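Everything below belongs to model38.txt, which stores compact mmCIF, N, CA and C atoms.
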```txt
# COMPACT_ATOMS: atom_id res chain seq x y z
N TYR E 1 17.65 8.92 -13.48
CA TYR E 1 18.01 9.68 -12.31
C TYR E 1 18.24 8.75 -11.13
N ALA E 2 19.29 9.01 -10.42
CA ALA E 2 19.55 8.23 -9.21
C ALA E 2 18.57 8.67 -8.13
N LEU E 3 17.93 7.71 -7.49
CA LEU E 3 16.97 8.01 -6.43
C LEU E 3 17.55 7.60 -5.09
N PRO E 4 17.18 8.32 -4.03
CA PRO E 4 17.69 7.96 -2.71
C PRO E 4 17.14 6.61 -2.26
N VAL E 5 17.92 5.94 -1.42
CA VAL E 5 17.47 4.66 -0.85
C VAL E 5 17.22 4.87 0.62
N PRO E 6 16.06 4.55 1.14
CA PRO E 6 14.92 4.03 0.40
C PRO E 6 14.15 5.14 -0.32
N PHE E 7 13.50 4.77 -1.40
CA PHE E 7 12.68 5.70 -2.16
C PHE E 7 11.23 5.29 -1.99
N VAL E 8 10.39 6.24 -1.63
CA VAL E 8 8.97 5.96 -1.42
C VAL E 8 8.16 6.91 -2.29
N LEU E 9 7.16 6.37 -2.93
CA LEU E 9 6.27 7.19 -3.75
C LEU E 9 4.85 6.94 -3.29
N ILE E 10 4.13 8.01 -3.05
CA ILE E 10 2.72 7.90 -2.68
C ILE E 10 1.93 8.58 -3.79
N ALA E 11 1.06 7.83 -4.42
CA ALA E 11 0.24 8.38 -5.50
C ALA E 11 -1.18 8.57 -4.99
N THR E 12 -1.80 9.63 -5.42
CA THR E 12 -3.18 9.88 -5.03
C THR E 12 -4.06 9.92 -6.27
N GLN E 13 -5.30 9.60 -6.06
CA GLN E 13 -6.27 9.68 -7.15
C GLN E 13 -7.49 10.40 -6.60
N ASN E 14 -7.80 11.53 -7.20
CA ASN E 14 -8.96 12.31 -6.77
C ASN E 14 -9.97 12.26 -7.91
N PRO E 15 -10.95 11.38 -7.83
CA PRO E 15 -11.83 11.14 -8.97
C PRO E 15 -12.99 12.11 -9.16
N ILE E 16 -12.90 13.31 -8.61
CA ILE E 16 -13.98 14.27 -8.81
C ILE E 16 -14.04 14.61 -10.29
N GLU E 17 -15.13 14.31 -10.90
CA GLU E 17 -15.37 14.51 -12.32
C GLU E 17 -14.33 13.84 -13.21
N PHE E 18 -13.44 13.07 -12.65
CA PHE E 18 -12.48 12.24 -13.36
C PHE E 18 -11.52 12.98 -14.28
N GLU E 19 -11.41 14.30 -14.17
CA GLU E 19 -10.44 15.03 -15.00
C GLU E 19 -9.03 14.67 -14.55
N GLY E 20 -8.25 14.15 -15.47
CA GLY E 20 -6.88 13.78 -15.16
C GLY E 20 -6.78 12.52 -14.33
N THR E 21 -7.87 11.82 -14.11
CA THR E 21 -7.86 10.60 -13.32
C THR E 21 -8.37 9.46 -14.18
N TYR E 22 -7.59 8.41 -14.26
CA TYR E 22 -7.97 7.27 -15.09
C TYR E 22 -7.86 6.00 -14.26
N THR E 23 -8.81 5.11 -14.43
CA THR E 23 -8.75 3.82 -13.75
C THR E 23 -7.59 3.03 -14.34
N LEU E 24 -6.77 2.45 -13.47
CA LEU E 24 -5.63 1.69 -13.94
C LEU E 24 -6.08 0.35 -14.50
N PRO E 25 -5.44 -0.10 -15.57
CA PRO E 25 -5.74 -1.44 -16.06
C PRO E 25 -5.25 -2.48 -15.06
N GLU E 26 -5.84 -3.65 -15.08
CA GLU E 26 -5.51 -4.72 -14.14
C GLU E 26 -4.00 -5.00 -14.10
N ALA E 27 -3.34 -4.94 -15.25
CA ALA E 27 -1.91 -5.24 -15.32
C ALA E 27 -1.05 -4.23 -14.57
N GLN E 28 -1.58 -3.05 -14.28
CA GLN E 28 -0.80 -2.04 -13.57
C GLN E 28 -1.13 -1.96 -12.09
N LEU E 29 -2.22 -2.58 -11.68
CA LEU E 29 -2.61 -2.49 -10.26
C LEU E 29 -1.60 -3.17 -9.35
N ASP E 30 -0.87 -4.17 -9.85
CA ASP E 30 0.08 -4.88 -9.00
C ASP E 30 1.35 -4.08 -8.72
N ARG E 31 1.45 -2.90 -9.26
CA ARG E 31 2.62 -2.05 -9.01
C ARG E 31 2.51 -1.29 -7.69
N PHE E 32 1.37 -1.41 -7.04
CA PHE E 32 1.15 -0.72 -5.78
C PHE E 32 1.07 -1.75 -4.65
N MET E 33 1.75 -1.45 -3.55
CA MET E 33 1.76 -2.37 -2.42
C MET E 33 0.44 -2.34 -1.65
N MET E 34 -0.22 -1.20 -1.65
CA MET E 34 -1.47 -1.10 -0.90
C MET E 34 -2.38 -0.06 -1.51
N LYS E 35 -3.63 -0.15 -1.16
CA LYS E 35 -4.61 0.83 -1.58
C LYS E 35 -5.40 1.24 -0.34
N ILE E 36 -5.49 2.51 -0.13
CA ILE E 36 -6.25 3.02 1.01
C ILE E 36 -7.37 3.89 0.46
N THR E 37 -8.58 3.56 0.82
CA THR E 37 -9.72 4.34 0.40
C THR E 37 -10.25 5.09 1.61
N LEU E 38 -10.31 6.40 1.51
CA LEU E 38 -10.81 7.20 2.61
C LEU E 38 -12.27 7.53 2.37
N GLY E 39 -13.08 7.23 3.33
CA GLY E 39 -14.49 7.59 3.24
C GLY E 39 -14.74 8.85 4.03
N TYR E 40 -15.98 9.08 4.31
CA TYR E 40 -16.35 10.25 5.11
C TYR E 40 -16.45 9.87 6.58
N PRO E 41 -16.19 10.83 7.48
CA PRO E 41 -16.35 10.53 8.91
C PRO E 41 -17.82 10.35 9.25
N ASP E 42 -18.07 9.66 10.37
CA ASP E 42 -19.46 9.50 10.80
C ASP E 42 -19.99 10.83 11.34
N GLU E 43 -21.26 10.90 11.59
CA GLU E 43 -21.90 12.16 11.99
C GLU E 43 -21.32 12.72 13.28
N ALA E 44 -21.07 11.86 14.25
CA ALA E 44 -20.54 12.33 15.53
C ALA E 44 -19.14 12.94 15.36
N THR E 45 -18.33 12.34 14.52
CA THR E 45 -16.99 12.87 14.28
C THR E 45 -17.05 14.20 13.56
N GLU E 46 -17.94 14.31 12.56
CA GLU E 46 -18.09 15.58 11.86
C GLU E 46 -18.54 16.67 12.82
N ARG E 47 -19.45 16.33 13.69
CA ARG E 47 -19.94 17.31 14.69
C ARG E 47 -18.80 17.78 15.57
N GLN E 48 -17.99 16.84 16.02
CA GLN E 48 -16.84 17.18 16.87
C GLN E 48 -15.87 18.08 16.11
N MET E 49 -15.66 17.81 14.82
CA MET E 49 -14.75 18.63 14.01
C MET E 49 -15.27 20.05 13.87
N VAL E 50 -16.58 20.20 13.69
CA VAL E 50 -17.18 21.52 13.52
C VAL E 50 -17.16 22.31 14.82
N LEU E 51 -17.43 21.66 15.93
CA LEU E 51 -17.56 22.35 17.21
C LEU E 51 -16.23 22.58 17.92
N SER E 52 -15.17 21.95 17.47
CA SER E 52 -13.88 22.16 18.14
C SER E 52 -12.78 22.40 17.10
N PRO E 53 -12.92 23.46 16.31
CA PRO E 53 -11.93 23.72 15.26
C PRO E 53 -10.55 24.10 15.79
N ASN E 54 -10.46 24.52 17.04
CA ASN E 54 -9.18 24.94 17.59
C ASN E 54 -8.41 23.82 18.27
N SER E 55 -9.02 22.64 18.34
CA SER E 55 -8.30 21.53 18.97
C SER E 55 -7.18 21.07 18.04
N SER E 56 -6.23 20.36 18.60
CA SER E 56 -5.08 19.93 17.79
C SER E 56 -5.51 18.86 16.79
N ALA E 57 -4.83 18.86 15.68
CA ALA E 57 -5.09 17.86 14.65
C ALA E 57 -4.48 16.53 15.07
N PRO E 58 -5.12 15.41 14.75
CA PRO E 58 -4.56 14.11 15.13
C PRO E 58 -3.12 13.92 14.65
N ALA E 59 -2.79 14.47 13.49
CA ALA E 59 -1.43 14.31 12.96
C ALA E 59 -0.40 15.01 13.83
N ASP E 60 -0.83 15.99 14.64
CA ASP E 60 0.12 16.70 15.49
C ASP E 60 0.76 15.79 16.54
N SER E 61 0.10 14.69 16.87
CA SER E 61 0.64 13.79 17.90
C SER E 61 1.45 12.64 17.29
N LEU E 62 1.62 12.64 15.98
CA LEU E 62 2.41 11.58 15.34
C LEU E 62 3.90 11.87 15.47
N PHE E 63 4.68 10.80 15.54
CA PHE E 63 6.13 10.95 15.59
C PHE E 63 6.75 9.79 14.81
N PRO E 64 7.93 10.01 14.24
CA PRO E 64 8.57 8.95 13.46
C PRO E 64 8.97 7.78 14.35
N ILE E 65 8.87 6.59 13.82
CA ILE E 65 9.30 5.41 14.56
C ILE E 65 10.58 4.82 13.98
N ALA E 66 11.00 5.33 12.82
CA ALA E 66 12.25 4.88 12.21
C ALA E 66 12.80 5.99 11.33
N ASP E 67 14.12 6.03 11.25
CA ASP E 67 14.74 6.99 10.34
C ASP E 67 15.24 6.23 9.10
N ILE E 68 15.82 6.95 8.16
CA ILE E 68 16.26 6.34 6.91
C ILE E 68 17.29 5.24 7.16
N GLU E 69 18.20 5.47 8.09
CA GLU E 69 19.22 4.46 8.39
C GLU E 69 18.60 3.17 8.91
N ARG E 70 17.61 3.29 9.78
CA ARG E 70 16.95 2.11 10.34
C ARG E 70 16.19 1.35 9.24
N ILE E 71 15.53 2.07 8.36
CA ILE E 71 14.80 1.43 7.27
C ILE E 71 15.77 0.71 6.34
N ALA E 72 16.91 1.33 6.03
CA ALA E 72 17.92 0.69 5.19
C ALA E 72 18.45 -0.58 5.86
N LEU E 73 18.63 -0.55 7.16
CA LEU E 73 19.09 -1.72 7.90
C LEU E 73 18.07 -2.85 7.80
N ILE E 74 16.79 -2.52 7.96
CA ILE E 74 15.73 -3.53 7.85
C ILE E 74 15.69 -4.10 6.44
N MET E 75 15.80 -3.23 5.44
CA MET E 75 15.79 -3.70 4.05
C MET E 75 16.95 -4.67 3.80
N GLY E 76 18.10 -4.38 4.36
CA GLY E 76 19.25 -5.27 4.20
C GLY E 76 19.05 -6.60 4.89
N SER E 77 18.39 -6.60 6.04
CA SER E 77 18.18 -7.85 6.77
C SER E 77 17.18 -8.77 6.07
N VAL E 78 16.28 -8.20 5.28
CA VAL E 78 15.31 -9.02 4.56
C VAL E 78 16.03 -9.96 3.59
N LYS E 79 17.12 -9.49 3.02
CA LYS E 79 17.87 -10.31 2.06
C LYS E 79 18.53 -11.51 2.72
N ARG E 80 18.66 -11.50 4.03
CA ARG E 80 19.31 -12.60 4.75
C ARG E 80 18.31 -13.60 5.32
N VAL E 81 17.01 -13.43 5.04
CA VAL E 81 16.01 -14.36 5.54
C VAL E 81 16.11 -15.67 4.75
N HIS E 82 16.25 -16.77 5.46
CA HIS E 82 16.34 -18.08 4.81
C HIS E 82 14.95 -18.61 4.50
N VAL E 83 14.76 -19.05 3.27
CA VAL E 83 13.52 -19.70 2.86
C VAL E 83 13.87 -21.12 2.48
N ASP E 84 13.37 -22.09 3.23
CA ASP E 84 13.64 -23.49 2.95
C ASP E 84 13.05 -23.89 1.60
N GLU E 85 13.70 -24.82 0.92
CA GLU E 85 13.22 -25.28 -0.38
C GLU E 85 11.80 -25.82 -0.31
N ALA E 86 11.47 -26.50 0.76
CA ALA E 86 10.12 -27.06 0.90
C ALA E 86 9.08 -25.95 0.97
N VAL E 87 9.39 -24.87 1.66
CA VAL E 87 8.48 -23.73 1.75
C VAL E 87 8.36 -23.06 0.39
N ALA E 88 9.48 -22.87 -0.30
CA ALA E 88 9.46 -22.25 -1.62
C ALA E 88 8.62 -23.09 -2.59
N ASP E 89 8.82 -24.41 -2.56
CA ASP E 89 8.04 -25.30 -3.45
C ASP E 89 6.55 -25.20 -3.15
N TYR E 90 6.20 -25.16 -1.88
CA TYR E 90 4.79 -25.05 -1.48
C TYR E 90 4.18 -23.75 -1.99
N LEU E 91 4.89 -22.64 -1.81
CA LEU E 91 4.39 -21.35 -2.27
C LEU E 91 4.23 -21.33 -3.79
N ILE E 92 5.19 -21.89 -4.49
CA ILE E 92 5.12 -21.92 -5.95
C ILE E 92 3.94 -22.77 -6.41
N ARG E 93 3.68 -23.87 -5.74
CA ARG E 93 2.52 -24.71 -6.11
C ARG E 93 1.21 -23.95 -5.90
N ILE E 94 1.12 -23.18 -4.83
CA ILE E 94 -0.09 -22.38 -4.59
C ILE E 94 -0.28 -21.35 -5.70
N VAL E 95 0.77 -20.62 -6.02
CA VAL E 95 0.69 -19.58 -7.05
C VAL E 95 0.32 -20.20 -8.39
N ARG E 96 0.98 -21.28 -8.75
CA ARG E 96 0.70 -21.92 -10.05
C ARG E 96 -0.73 -22.47 -10.09
N ALA E 97 -1.21 -22.98 -8.97
CA ALA E 97 -2.58 -23.52 -8.94
C ALA E 97 -3.60 -22.41 -9.19
N THR E 98 -3.34 -21.21 -8.69
CA THR E 98 -4.29 -20.12 -8.93
C THR E 98 -4.27 -19.70 -10.40
N ARG E 99 -3.13 -19.83 -11.06
CA ARG E 99 -3.07 -19.48 -12.48
C ARG E 99 -3.78 -20.51 -13.35
N GLU E 100 -3.77 -21.74 -12.91
CA GLU E 100 -4.29 -22.83 -13.73
C GLU E 100 -5.74 -23.20 -13.38
N HIS E 101 -6.24 -22.74 -12.27
CA HIS E 101 -7.61 -23.09 -11.86
C HIS E 101 -8.62 -22.39 -12.74
N ARG E 102 -9.57 -23.13 -13.28
CA ARG E 102 -10.52 -22.53 -14.21
C ARG E 102 -11.50 -21.56 -13.54
N GLY E 103 -11.58 -21.58 -12.22
CA GLY E 103 -12.45 -20.67 -11.50
C GLY E 103 -11.81 -19.32 -11.21
N VAL E 104 -10.53 -19.18 -11.52
CA VAL E 104 -9.82 -17.93 -11.27
C VAL E 104 -9.56 -17.24 -12.61
N GLN E 105 -10.06 -16.02 -12.75
CA GLN E 105 -9.90 -15.30 -14.01
C GLN E 105 -8.67 -14.41 -14.04
N LEU E 106 -8.39 -13.73 -12.94
CA LEU E 106 -7.24 -12.82 -12.90
C LEU E 106 -6.38 -13.15 -11.70
```
How would this structure read if it were set down as structure tokens?
Amino acid sequence: YALPVPFVLIATQNPIEFEGTYTLPEAQLDRFMMKITLGYPDEATERQMVLSPNSSAPADSLFPIADIERIALIMGSVKRVHVDEAVADYLIRIVRATREHRGVQL
């Protein structure tokens, strides 16, 4: 299927009793750019939520900072970033050293 550009996927994991939720193997964790773990609010915040249920939700004050065209423009400009050979060689040496170091397992 052709997907729109840019295409964004947000996956959630709700581990209550683990039905339908499985821990990803290490080889699949690198497919995600970030991981956000949400905890519980502190006591004062929970109290504020209970006592002011009619106040506006924090998300109500959010607004977009870029549209699809702007994101596509940024994505295109990334391809034009020059990386000097010396910088590339340095980065490759760092990556290879982590693979070969006996103190690093994964």
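Taking atom CA of Leu3 of chain E as the reference point, atom CA of Leu62 of chain E is found at 26.4 Å.
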**Message:** One decimal, in Å: what's the spacing between atom C of Arg96 of chain E and atom N of His82 of chain E?
**Reply:**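 According to the coordinates, atom C of Arg96 of chain E and atom N of His82 of chain E are separated by 23.7 Å.
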**Request:** Record the distance separating atom N of Pro6 of chain E and atom C of Ile68 of chain E, expressed in Å with one decimal.
**Result:**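 That distance, rounded to one decimal, is 6.2 Å.
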**Message:** With all atoms listed in the file as the counted atoms, please give the residues lying no more than 8 Å from Val5 of chain E, apart from itself and same-chain residues fewer than 5 positions off, as a VMD selection string.
**Reply:** chain E and resid 68 to 69 71 to 72
**Prompt:** So which residues of segment 16-90 of chain E fall under alpha helix (DSSP H) by DSSP, listed as JSON, numbers by chain?
**Reply:** {"E": [26, 27, 28, 29, 43, 44, 45, 46, 47, 48, 49, 50, 51, 68, 69, 70, 71, 72, 73, 74, 75, 76, 77, 78, 85, 86, 87, 88, 89, 90]}
